[in-house]
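my_file-v2.pdb (PDB, C-alpha atoms) appears below.
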```pdb
ATOM      1  CA  MET A 234       0.000   0.000   0.000
ATOM      2  CA  GLU A 235       1.335   3.459  -0.928
ATOM      3  CA  GLU A 236       2.421   5.784   1.871
ATOM      4  CA  SER A 237      -0.325   8.328   1.111
ATOM      5  CA  GLN A 238      -2.982   5.627   1.393
ATOM      6  CA  MET A 239      -1.500   4.418   4.664
ATOM      7  CA  ARG A 240      -1.566   7.935   6.071
ATOM      8  CA  LYS A 241      -5.232   8.322   5.065
ATOM      9  CA  ARG A 242      -5.993   4.994   6.711
ATOM     10  CA  LEU A 243      -4.249   6.122   9.908
ATOM     11  CA  ILE A 244      -6.267   9.339  10.005
ATOM     12  CA  SER A 245      -9.544   7.475   9.461
ATOM     13  CA  PHE A 246      -8.788   5.093  12.309
ATOM     14  CA  ALA A 247      -7.767   7.950  14.569
ATOM     15  CA  LEU A 248     -11.059   9.722  13.892
ATOM     16  CA  ALA A 249     -12.994   6.500  14.473
ATOM     17  CA  ALA A 250     -11.422   5.844  17.878
ATOM     18  CA  THR A 251     -14.085   5.377  20.507
ATOM     19  CA  ILE A 252     -12.125   6.278  23.615
ATOM     20  CA  MET A 253     -11.992  10.008  24.072
ATOM     21  CA  VAL A 254      -9.397  11.839  26.114
ATOM     22  CA  SER A 255     -10.815  14.304  28.600
ATOM     23  CA  THR A 256      -9.624  17.889  28.398
ATOM     24  CA  SER A 257      -9.458  17.983  32.195
ATOM     25  CA  LEU A 258      -7.333  14.940  33.012
ATOM     26  CA  PRO A 259      -6.140  14.759  36.622
ATOM     27  CA  ALA A 260      -2.416  15.422  36.984
ATOM     28  CA  PHE A 261      -1.299  11.843  37.638
ATOM     29  CA  ALA A 262       2.308  12.293  36.544
ATOM     30  CA  THR A 263       5.351  14.130  37.813
ATOM     31  CA  LYS A 264       4.889  17.883  38.145
ATOM     32  CA  LYS A 265       7.261  18.341  35.203
ATOM     33  CA  PHE A 266       5.123  16.389  32.695
ATOM     34  CA  ASP A 267       2.591  18.413  30.702
ATOM     35  CA  MET A 268      -0.637  16.364  30.733
ATOM     36  CA  SER A 269      -2.262  18.769  28.269
ATOM     37  CA  VAL A 270      -0.472  16.938  25.431
ATOM     38  CA  PHE A 271      -3.331  14.412  25.598
ATOM     39  CA  ASP A 272      -6.029  17.058  25.125
ATOM     40  CA  GLY A 273      -8.067  16.390  21.994
ATOM     41  CA  LYS A 274      -6.008  13.326  21.049
ATOM     42  CA  ASP A 275      -8.864  10.953  20.227
ATOM     43  CA  TYR A 276      -6.403   8.379  18.907
ATOM     44  CA  VAL A 277      -4.812   7.932  22.355
ATOM     45  CA  GLY A 278      -6.405   5.985  25.192
ATOM     46  CA  VAL A 279      -5.717   7.284  28.697
ATOM     47  CA  VAL A 280      -6.449   5.443  31.938
ATOM     48  CA  THR A 281      -5.786   6.948  35.369
ATOM     49  CA  ASP A 282      -5.797   5.473  38.881
ATOM     50  CA  ASP A 283      -6.368   8.084  41.584
ATOM     51  CA  MET A 284      -5.334   5.629  44.317
ATOM     52  CA  THR A 285      -1.826   4.998  42.982
ATOM     53  CA  GLY A 286      -1.363   8.211  41.010
ATOM     54  CA  TRP A 287      -0.609   6.264  37.820
ATOM     55  CA  THR A 288      -1.534   7.347  34.297
ATOM     56  CA  PHE A 289      -1.370   4.818  31.448
ATOM     57  CA  ALA A 290      -1.532   6.094  27.848
ATOM     58  CA  PHE A 291      -1.601   3.891  24.761
ATOM     59  CA  PRO A 292      -2.212   4.172  20.986
ATOM     60  CA  ARG A 293      -5.770   3.551  19.782
ATOM     61  CA  PHE A 294      -5.075   3.636  16.065
ATOM     62  CA  GLY A 295      -3.904   1.097  13.525
ATOM     63  CA  THR A 296      -5.485  -1.720  11.550
ATOM     64  CA  ILE A 297      -6.179  -4.663  13.877
ATOM     65  CA  GLU A 298      -5.286  -7.296  11.305
ATOM     66  CA  GLU A 299      -2.358  -9.174   9.781
ATOM     67  CA  GLY A 300       0.087  -6.686   8.285
ATOM     68  CA  GLY A 301      -1.343  -3.876  10.403
ATOM     69  CA  THR A 302      -0.670  -3.900  14.129
ATOM     70  CA  TYR A 303       0.676  -7.461  14.057
ATOM     71  CA  ILE A 304       2.408 -10.050  11.866
ATOM     72  CA  VAL A 305       1.573 -13.774  11.737
ATOM     73  CA  SER A 306       4.600 -16.105  11.630
ATOM     74  CA  ASP A 307       4.921 -19.493   9.939
ATOM     75  CA  ASP A 308       3.800 -21.252  13.148
ATOM     76  CA  ASP A 309       0.772 -18.922  13.534
ATOM     77  CA  SER A 310       2.351 -16.857  16.305
ATOM     78  CA  ARG A 311       1.329 -13.196  16.376
ATOM     79  CA  LEU A 312       4.204 -10.713  16.611
ATOM     80  CA  SER A 313       3.799  -7.018  17.374
ATOM     81  CA  ALA A 314       5.657  -3.864  18.378
ATOM     82  CA  SER A 315       4.115  -0.802  19.973
ATOM     83  CA  SER A 316       4.653   1.680  22.803
ATOM     84  CA  SER A 317       2.953   3.103  25.873
ATOM     85  CA  LEU A 318       3.363   5.746  28.575
ATOM     86  CA  TYR A 319       3.315   5.098  32.326
ATOM     87  CA  LEU A 320       3.375   8.270  34.391
ATOM     88  CA  ASN A 321       3.491   8.585  38.179
ATOM     89  CA  ASP A 322       4.625  10.918  40.949
ATOM     90  CA  THR A 323       8.284   9.972  40.573
ATOM     91  CA  TYR A 324       8.962   8.950  36.977
ATOM     92  CA  ASP A 325       7.513   9.557  33.530
ATOM     93  CA  PHE A 326       8.057   6.367  31.535
ATOM     94  CA  TYR A 327       7.846   5.755  27.794
ATOM     95  CA  TYR A 328       7.984   2.028  27.028
ATOM     96  CA  LEU A 329       8.835   0.123  23.874
ATOM     97  CA  ASP A 330       6.583  -2.943  23.901
ATOM     98  CA  PHE A 331       7.364  -6.131  21.943
ATOM     99  CA  ASN A 332       4.834  -8.968  22.146
ATOM    100  CA  ARG A 333       4.317 -12.524  20.914
ATOM    101  CA  THR A 334       1.345 -14.848  21.321
ATOM    102  CA  GLY A 335       1.440 -18.505  20.287
ATOM    103  CA  SER A 336       0.613 -22.086  21.195
ATOM    104  CA  PHE A 337       3.939 -22.693  22.966
ATOM    105  CA  ALA A 338       6.620 -20.758  24.834
ATOM    106  CA  SER A 339       9.565 -19.530  22.757
ATOM    107  CA  GLY A 340      11.585 -18.315  25.748
ATOM    108  CA  PHE A 341      11.455 -14.769  24.311
ATOM    109  CA  ASN A 342      14.192 -12.814  26.134
ATOM    110  CA  SER A 343      15.799 -10.222  23.838
ATOM    111  CA  VAL A 344      15.250  -8.168  20.690
ATOM    112  CA  ILE A 345      17.451  -7.209  17.743
ATOM    113  CA  VAL A 346      16.440  -4.359  15.437
ATOM    114  CA  LYS A 347      18.215  -3.546  12.141
ATOM    115  CA  ILE A 348      17.791   0.059  10.968
ATOM    116  CA  GLY A 349      19.804   1.102   7.933
ATOM    117  CA  ASP A 350      23.430   0.220   8.637
ATOM    118  CA  ASN A 351      22.895   0.009  12.387
ATOM    119  CA  ARG A 352      22.014  -3.012  14.491
ATOM    120  CA  TYR A 353      20.499  -2.509  17.952
ATOM    121  CA  ASN A 354      20.321  -5.261  20.557
ATOM    122  CA  PHE A 355      18.084  -5.032  23.639
ATOM    123  CA  SER A 356      18.727  -7.580  26.394
ATOM    124  CA  ASN A 357      18.185  -7.987  30.145
ATOM    125  CA  GLY A 358      14.882  -6.143  29.779
ATOM    126  CA  GLN A 359      11.523  -6.651  31.439
ATOM    127  CA  THR A 360      10.087  -9.969  30.257
ATOM    128  CA  ASP A 361       6.817 -11.670  31.033
ATOM    129  CA  SER A 362       5.184 -14.956  30.027
ATOM    130  CA  THR A 363       1.612 -15.969  30.866
ATOM    131  CA  VAL A 364      -0.778 -18.671  29.675
ATOM    132  CA  SER A 365      -4.466 -18.002  29.050
ATOM    133  CA  GLU A 366      -6.817 -20.637  27.629
ATOM    134  CA  GLY A 367      -3.928 -22.521  26.074
ATOM    135  CA  ILE A 368      -2.381 -19.414  24.483
ATOM    136  CA  VAL A 369       1.074 -18.261  25.602
ATOM    137  CA  LEU A 370       1.583 -14.498  25.810
ATOM    138  CA  GLU A 371       5.234 -13.374  25.916
ATOM    139  CA  SER A 372       6.472  -9.807  26.169
ATOM    140  CA  PHE A 373       9.705  -7.836  26.270
ATOM    141  CA  ARG A 374       9.692  -4.174  27.180
ATOM    142  CA  LEU A 375      12.178  -1.463  27.994
ATOM    143  CA  PRO A 376      11.792   2.177  29.041
ATOM    144  CA  MET A 377      13.061   5.241  27.243
ATOM    145  CA  LYS A 378      16.416   6.252  28.699
ATOM    146  CA  LYS A 379      19.592   7.892  27.478
ATOM    147  CA  GLU A 380      20.867   4.701  25.830
ATOM    148  CA  LEU A 381      17.782   4.628  23.564
ATOM    149  CA  VAL A 382      18.183   8.125  22.100
ATOM    150  CA  PRO A 383      20.240   6.946  19.069
ATOM    151  CA  PHE A 384      17.690   4.197  18.347
ATOM    152  CA  MET A 385      14.683   6.522  18.441
ATOM    153  CA  ASN A 386      16.436   9.052  16.201
ATOM    154  CA  ASP A 387      17.358   6.274  13.756
ATOM    155  CA  LEU A 388      13.799   4.935  13.721
ATOM    156  CA  ALA A 389      12.308   8.350  12.995
ATOM    157  CA  GLU A 390      14.816   8.969  10.212
ATOM    158  CA  HIS A 391      14.076   5.604   8.541
ATOM    159  CA  ILE A 392      10.314   5.461   9.026
ATOM    160  CA  ASN A 393       9.783   4.842   5.299
ATOM    161  CA  ASP A 394      12.503   2.173   5.073
ATOM    162  CA  GLU A 395      12.366  -1.514   5.901
ATOM    163  CA  ILE A 396      13.197  -2.107   9.562
ATOM    164  CA  LYS A 397      13.951  -5.711  10.458
ATOM    165  CA  VAL A 398      13.249  -7.188  13.887
ATOM    166  CA  ARG A 399      14.227 -10.454  15.522
ATOM    167  CA  PHE A 400      12.559 -11.760  18.666
ATOM    168  CA  VAL A 401      15.269 -13.911  20.245
ATOM    169  CA  GLY A 402      14.047 -16.870  22.271
ATOM    170  CA  VAL A 403      15.617 -19.742  24.136
ATOM    171  CA  TYR A 404      13.688 -22.225  21.983
ATOM    172  CA  LYS A 405      12.869 -20.275  18.826
ATOM    173  CA  ASP A 406      13.624 -16.946  17.116
ATOM    174  CA  TYR A 407      11.197 -14.914  15.015
ATOM    175  CA  ASP A 408      12.166 -12.565  12.166
ATOM    176  CA  PHE A 409       9.832  -9.960  10.694
ATOM    177  CA  ALA A 410       9.745  -6.351   9.469
ATOM    178  CA  LEU A 411       7.930  -3.555  11.276
ATOM    179  CA  THR A 412       4.705  -2.586   9.548
ATOM    180  CA  TYR A 413       3.932   1.065   8.968
ATOM    181  CA  ASP A 414       1.284   0.905  11.693
ATOM    182  CA  MET A 415       3.844  -0.462  14.166
ATOM    183  CA  LYS A 416       6.285   2.339  13.352
ATOM    184  CA  LEU A 417       3.590   4.950  13.898
ATOM    185  CA  ARG A 418       2.414   3.380  17.160
ATOM    186  CA  ILE A 419       5.984   3.724  18.414
ATOM    187  CA  LEU A 420       6.734   7.202  17.082
ATOM    188  CA  VAL A 421       3.387   8.970  17.660
ATOM    189  CA  MET A 422       3.461   8.079  21.362
ATOM    190  CA  TYR A 423       7.112   9.124  21.513
ATOM    191  CA  ASP A 424       6.221  12.517  20.013
ATOM    192  CA  LEU A 425       3.653  13.000  22.792
ATOM    193  CA  TYR A 426       6.240  11.955  25.363
ATOM    194  CA  VAL A 427       8.696  14.528  24.020
ATOM    195  CA  ALA A 428       6.006  17.229  23.844
ATOM    196  CA  GLY A 429       5.026  16.470  27.447
ATOM    197  CA  ASN A 430       8.637  17.013  28.589
ATOM    198  CA  GLY A 431       9.242  13.333  29.330
ATOM    199  CA  THR A 432      12.690  13.481  27.744
ATOM    200  CA  ARG A 433      13.945  16.163  30.124
ATOM    201  CA  ASN A 434      17.471  15.393  31.280
ATOM    202  CA  LYS A 435      16.714  14.573  34.928
ATOM    203  CA  ASN A 436      13.889  12.155  34.094
ATOM    204  CA  LEU A 437      15.975  10.211  31.567
ATOM    205  CA  ARG A 438      18.979  10.246  33.901
ATOM    206  CA  ASP A 439      16.907   8.853  36.775
ATOM    207  CA  ILE A 440      15.418   6.126  34.569
ATOM    208  CA  THR A 441      18.882   5.302  33.246
ATOM    209  CA  ASP A 442      20.004   4.797  36.848
ATOM    210  CA  LEU A 443      16.923   2.683  37.623
ATOM    211  CA  ASP A 444      16.666   0.419  34.581
ATOM    212  CA  ARG A 445      18.986  -2.521  33.912
ATOM    213  CA  THR A 446      18.207  -3.158  30.240
ATOM    214  CA  ILE A 447      21.371  -3.462  28.157
ATOM    215  CA  VAL A 448      21.303  -1.530  24.873
ATOM    216  CA  SER A 449      24.042  -2.120  22.315
ATOM    217  CA  LYS A 450      24.652  -0.623  18.894
ATOM    218  CA  ASN A 451      26.646  -2.621  16.341
ATOM    219  CA  GLY A 452      27.993  -4.871  19.081
ATOM    220  CA  GLU A 453      29.066  -2.071  21.429
ATOM    221  CA  ILE A 454      27.164  -1.464  24.679
ATOM    222  CA  ILE A 455      25.889   2.115  24.900
ATOM    223  CA  ASP A 456      26.819   3.899  28.126
ATOM    224  CA  GLY A 457      23.963   6.163  29.183
ATOM    225  CA  HIS A 458      26.282   8.130  31.468
ATOM    226  CA  ARG A 459      29.019   8.642  28.877
ATOM    227  CA  ASP A 460      28.509  12.410  28.476
ATOM    228  CA  GLU A 461      28.405  12.898  32.243
ATOM    229  CA  LYS A 462      31.605  10.898  32.662
ATOM    230  CA  ILE A 463      33.345  12.954  29.983
ATOM    231  CA  LEU A 464      32.196  16.192  31.617
ATOM    232  CA  ARG A 465      33.345  14.939  35.038
ATOM    233  CA  THR A 466      36.761  14.042  33.613
ATOM    234  CA  VAL A 467      37.082  17.490  32.006
ATOM    235  CA  LEU A 468      36.085  19.247  35.236
ATOM    236  CA  GLU A 469      38.507  17.136  37.255
ATOM    237  CA  GLY A 470      41.224  18.079  34.787
ATOM    238  CA  VAL A 471      40.407  21.768  35.185
ATOM    239  CA  VAL A 472      40.479  21.456  38.990
ATOM    240  CA  ASP A 473      43.841  19.659  38.854
ATOM    241  CA  SER A 474      45.223  22.424  36.615
ATOM    242  CA  LEU A 475      44.005  25.117  38.978
ATOM    243  CA  ASP A 476      45.533  23.263  41.945
ATOM    244  CA  THR A 477      48.816  23.055  40.073
ATOM    245  CA  LEU A 478      48.752  26.773  39.286
ATOM    246  CA  SER A 479      47.934  27.664  42.870
ATOM    247  CA  THR A 480      51.052  25.876  44.124
ATOM    248  CA  HIS A 481      53.333  27.997  41.939
TER     249      HIS A 481
END
```
As a first step, turn the structure in this file into structure tokens.
Amino acid sequence: MEESQMRKRLISFALAATIMVSTSLPAFATKKFDMSVFDGKDYVGVVTDDMTGWTFAFPRFGTIEEGGTYIVSDDDSRLSASSSLYLNDTYDFYYLDFNRTGSFASGFNSVIVKIGDNRYNFSNGQTDSTVSEGIVLESFRLPMKKELVPFMNDLAEHINDEIKVRFVGVYKDYDFALTYDMKLRILVMYDLYVAGNGTRNKNLRDITDLDRTIVSKNGEIIDGHRDEKILRTVLEGVVDSLDTLSTH
């Protein structure tokens, strides 16, 4: 399907969304996050819990069929990629969500994404596996943090290109390409996260400290504190120079 047709389809689904976002949402997020980004966004579902202070936001658009929001593999497993926001009093989270459902467990425990010339590997993330009525639901998710900035920039830049994904499992791997709907479900929610000030430095730094997911690019682990370490080294060098000067 041509890109223009896909965009028209996205708009039609957004307009047809049945869950409306209130223009007076309670402020269940950190004080730094701008909840007004959800105002008038009919294509975003928002659920709040006034007892815990949590806000959960998720995409409500996309074609719920093969080749839309999910892909069917050769063994009839359903594979999907999306995103969501979890906001509370302490952190504002943006999550990348990778999911598989099938008749058996694959031991899904990591994800590889190939964008252009770059290969990203996500491991040691949050995994879950449940069984419901004979169907196994497996998930892998990781929050937005400093290590993910290159990946998100790459994804946005290559939205119209083929992006390959591998779900790595203990028992079986699954290869597929992100559909256009999947790309949009990831990037539209990310745009709202950015607009709401979720990517402010302190929030990402705190989540980087909290989360243990390993993110590597082309075989090299990305250090989320690299810039801070460089700055600290420079400042220590300046202090040492001043100390040296003061002794002369």
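The list of residues with at least one atom within 9 Å of A:Ala314, based on only C-alpha atoms and without residues fewer than 2 positions apart in the same chain, reads Thr302, Tyr303, Leu312, Ser316, Leu329, Asp330, Phe331, Asn332, Leu411, Thr412, Met415, Lys416, Arg418 and Ile419 of chain A.
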For stretch 383-389 of chain A, find every residue with an atom within 12 Å (counting all atoms listed in the file), except residues of its own chain fewer than 5 positions away, and show them as a PDB file with C-alpha atoms, in the frame of the given file.
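To be explicit, this is the file written out as result-v3.pdb:
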```
ATOM      1  CA  SER A 316       4.653   1.680  22.803  1.00  0.00           C
ATOM      2  CA  TYR A 327       7.846   5.755  27.794  1.00  0.00           C
ATOM      3  CA  TYR A 328       7.984   2.028  27.028  1.00  0.00           C
ATOM      4  CA  LEU A 329       8.835   0.123  23.874  1.00  0.00           C
ATOM      5  CA  ILE A 345      17.451  -7.209  17.743  1.00  0.00           C
ATOM      6  CA  VAL A 346      16.440  -4.359  15.437  1.00  0.00           C
ATOM      7  CA  LYS A 347      18.215  -3.546  12.141  1.00  0.00           C
ATOM      8  CA  ILE A 348      17.791   0.059  10.968  1.00  0.00           C
ATOM      9  CA  GLY A 349      19.804   1.102   7.933  1.00  0.00           C
ATOM     10  CA  ASP A 350      23.430   0.220   8.637  1.00  0.00           C
ATOM     11  CA  ASN A 351      22.895   0.009  12.387  1.00  0.00           C
ATOM     12  CA  ARG A 352      22.014  -3.012  14.491  1.00  0.00           C
ATOM     13  CA  TYR A 353      20.499  -2.509  17.952  1.00  0.00           C
ATOM     14  CA  ASN A 354      20.321  -5.261  20.557  1.00  0.00           C
ATOM     15  CA  PHE A 355      18.084  -5.032  23.639  1.00  0.00           C
ATOM     16  CA  PRO A 376      11.792   2.177  29.041  1.00  0.00           C
ATOM     17  CA  MET A 377      13.061   5.241  27.243  1.00  0.00           C
ATOM     18  CA  LYS A 378      16.416   6.252  28.699  1.00  0.00           C
ATOM     19  CA  ASP A 394      12.503   2.173   5.073  1.00  0.00           C
ATOM     20  CA  GLU A 395      12.366  -1.514   5.901  1.00  0.00           C
ATOM     21  CA  ILE A 396      13.197  -2.107   9.562  1.00  0.00           C
ATOM     22  CA  LYS A 397      13.951  -5.711  10.458  1.00  0.00           C
ATOM     23  CA  LEU A 411       7.930  -3.555  11.276  1.00  0.00           C
ATOM     24  CA  TYR A 413       3.932   1.065   8.968  1.00  0.00           C
ATOM     25  CA  MET A 415       3.844  -0.462  14.166  1.00  0.00           C
ATOM     26  CA  LYS A 416       6.285   2.339  13.352  1.00  0.00           C
ATOM     27  CA  LEU A 417       3.590   4.950  13.898  1.00  0.00           C
ATOM     28  CA  ARG A 418       2.414   3.380  17.160  1.00  0.00           C
ATOM     29  CA  ILE A 419       5.984   3.724  18.414  1.00  0.00           C
ATOM     30  CA  LEU A 420       6.734   7.202  17.082  1.00  0.00           C
ATOM     31  CA  VAL A 421       3.387   8.970  17.660  1.00  0.00           C
ATOM     32  CA  MET A 422       3.461   8.079  21.362  1.00  0.00           C
ATOM     33  CA  TYR A 423       7.112   9.124  21.513  1.00  0.00           C
ATOM     34  CA  ASP A 424       6.221  12.517  20.013  1.00  0.00           C
ATOM     35  CA  VAL A 427       8.696  14.528  24.020  1.00  0.00           C
ATOM     36  CA  THR A 432      12.690  13.481  27.744  1.00  0.00           C
ATOM     37  CA  VAL A 448      21.303  -1.530  24.873  1.00  0.00           C
ATOM     38  CA  SER A 449      24.042  -2.120  22.315  1.00  0.00           C
ATOM     39  CA  LYS A 450      24.652  -0.623  18.894  1.00  0.00           C
ATOM     40  CA  ASN A 451      26.646  -2.621  16.341  1.00  0.00           C
ATOM     41  CA  ILE A 455      25.889   2.115  24.900  1.00  0.00           C
ATOM     42  CA  ASP A 456      26.819   3.899  28.126  1.00  0.00           C
ATOM     43  CA  GLY A 457      23.963   6.163  29.183  1.00  0.00           C
TER      44      GLY A 457
END
```
Exercise. Between atom CA of A:Val305 and atom CA of A:Arg333, measure the distance and give it in Å to one decimal.
Key: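 Value for the atom CA of A:Val305-atom CA of A:Arg333 distance: 9.7 Å.
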Quiz prompt | Explicit residues for the PyMOL selection byres ((chain A and resi 289) around 6) (as a ChimeraX atom specification) | solution = /A:279-280,288,290,318-319
Practice problem: Report the distance between atom CA of A:Gly278 and atom CA of A:Val398 in Å, rounded to one decimal place. | Solution: 26.2 Å
Quiz prompt | Picked residues, the PyMOL selection byres ((chain A and resi 270) around 10), expected as a list in words | solution =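 Selected by the PyMOL selection byres ((chain A and resi 270) around 10) in this file: Thr256, Phe266, Asp267, Met268, Ser269, Phe271, Asp272, Gly273, Lys274, Asp424, Leu425, Tyr426, Val427, Ala428, Gly429 and Asn430 of chain A.
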Quiz item: Interatomic distance between atom CA of A:Leu375 and atom CA of A:Gly402?
Solution: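 Calculated distance between atom CA of A:Leu375 and atom CA of A:Gly402 is 16.5 Å.
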Quiz item: Using only C-alpha atoms, which of A:Ser372, A:Thr263, A:Thr334, A:Asn321 sits nearest A:Thr281?
Solution: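 With only C-alpha atoms as the atom set, the closest residue is A:Asn321.
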Edge lengths and centre in Å to one decimal, as lines of an AutoDock Vina configuration file, of the axis-aligned box that encloses all listed atoms of stretch 272-281 of chain A with 3 Å added on every side?
```
center_x = -6.8
center_y = 11.3
center_z = 27.1
size_x = 10.1
size_y = 17.6
size_z = 22.5
```
Quiz item: Between A:Arg399, A:Lys379, A:Lys265, A:His391, which one has atoms that come closest to A:Asp444, using all atoms listed in the file?
Solution: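 Nearest to A:Asp444: A:Lys379.
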Quiz item: Using the chain letters and numbers from the file, which residues does the PyMOL selection byres ((chain A and resi 336-339) around 7) grab, as a VMD selection string?
Solution: chain A and resid 335 340 to 341 367 to 369 402 to 405
Exercise. Between A:Leu370, A:Ala410, A:Val344, A:Ile392, single out the one closest to A:Ile447, counting all atoms listed in the file.
Key: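 Result for the nearest residue to A:Ile447: A:Val344.
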Quiz item: Using only C-alpha atoms, which residue out of A:Val364, A:Val401, A:Leu443, A:Met284 lies closest to A:Asn342?
Solution: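 Among the listed residues, the smallest separation from A:Asn342 belongs to A:Val401.
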Quiz item: Which one is closest to A:Trp287: A:Glu453, A:Glu390, A:Asp325, A:Asp442? Count only C-alpha atoms.
Solution: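 Looking only at the distances to A:Trp287, the closest residue turns out to be A:Asp325.
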Quiz item: Between A:Arg311, A:Gln359, A:Tyr276, A:Gly431, which is the closest to A:Gly295 once you count only C-alpha atoms?
Solution: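 For A:Gly295, the nearest of the given residues is A:Tyr276.
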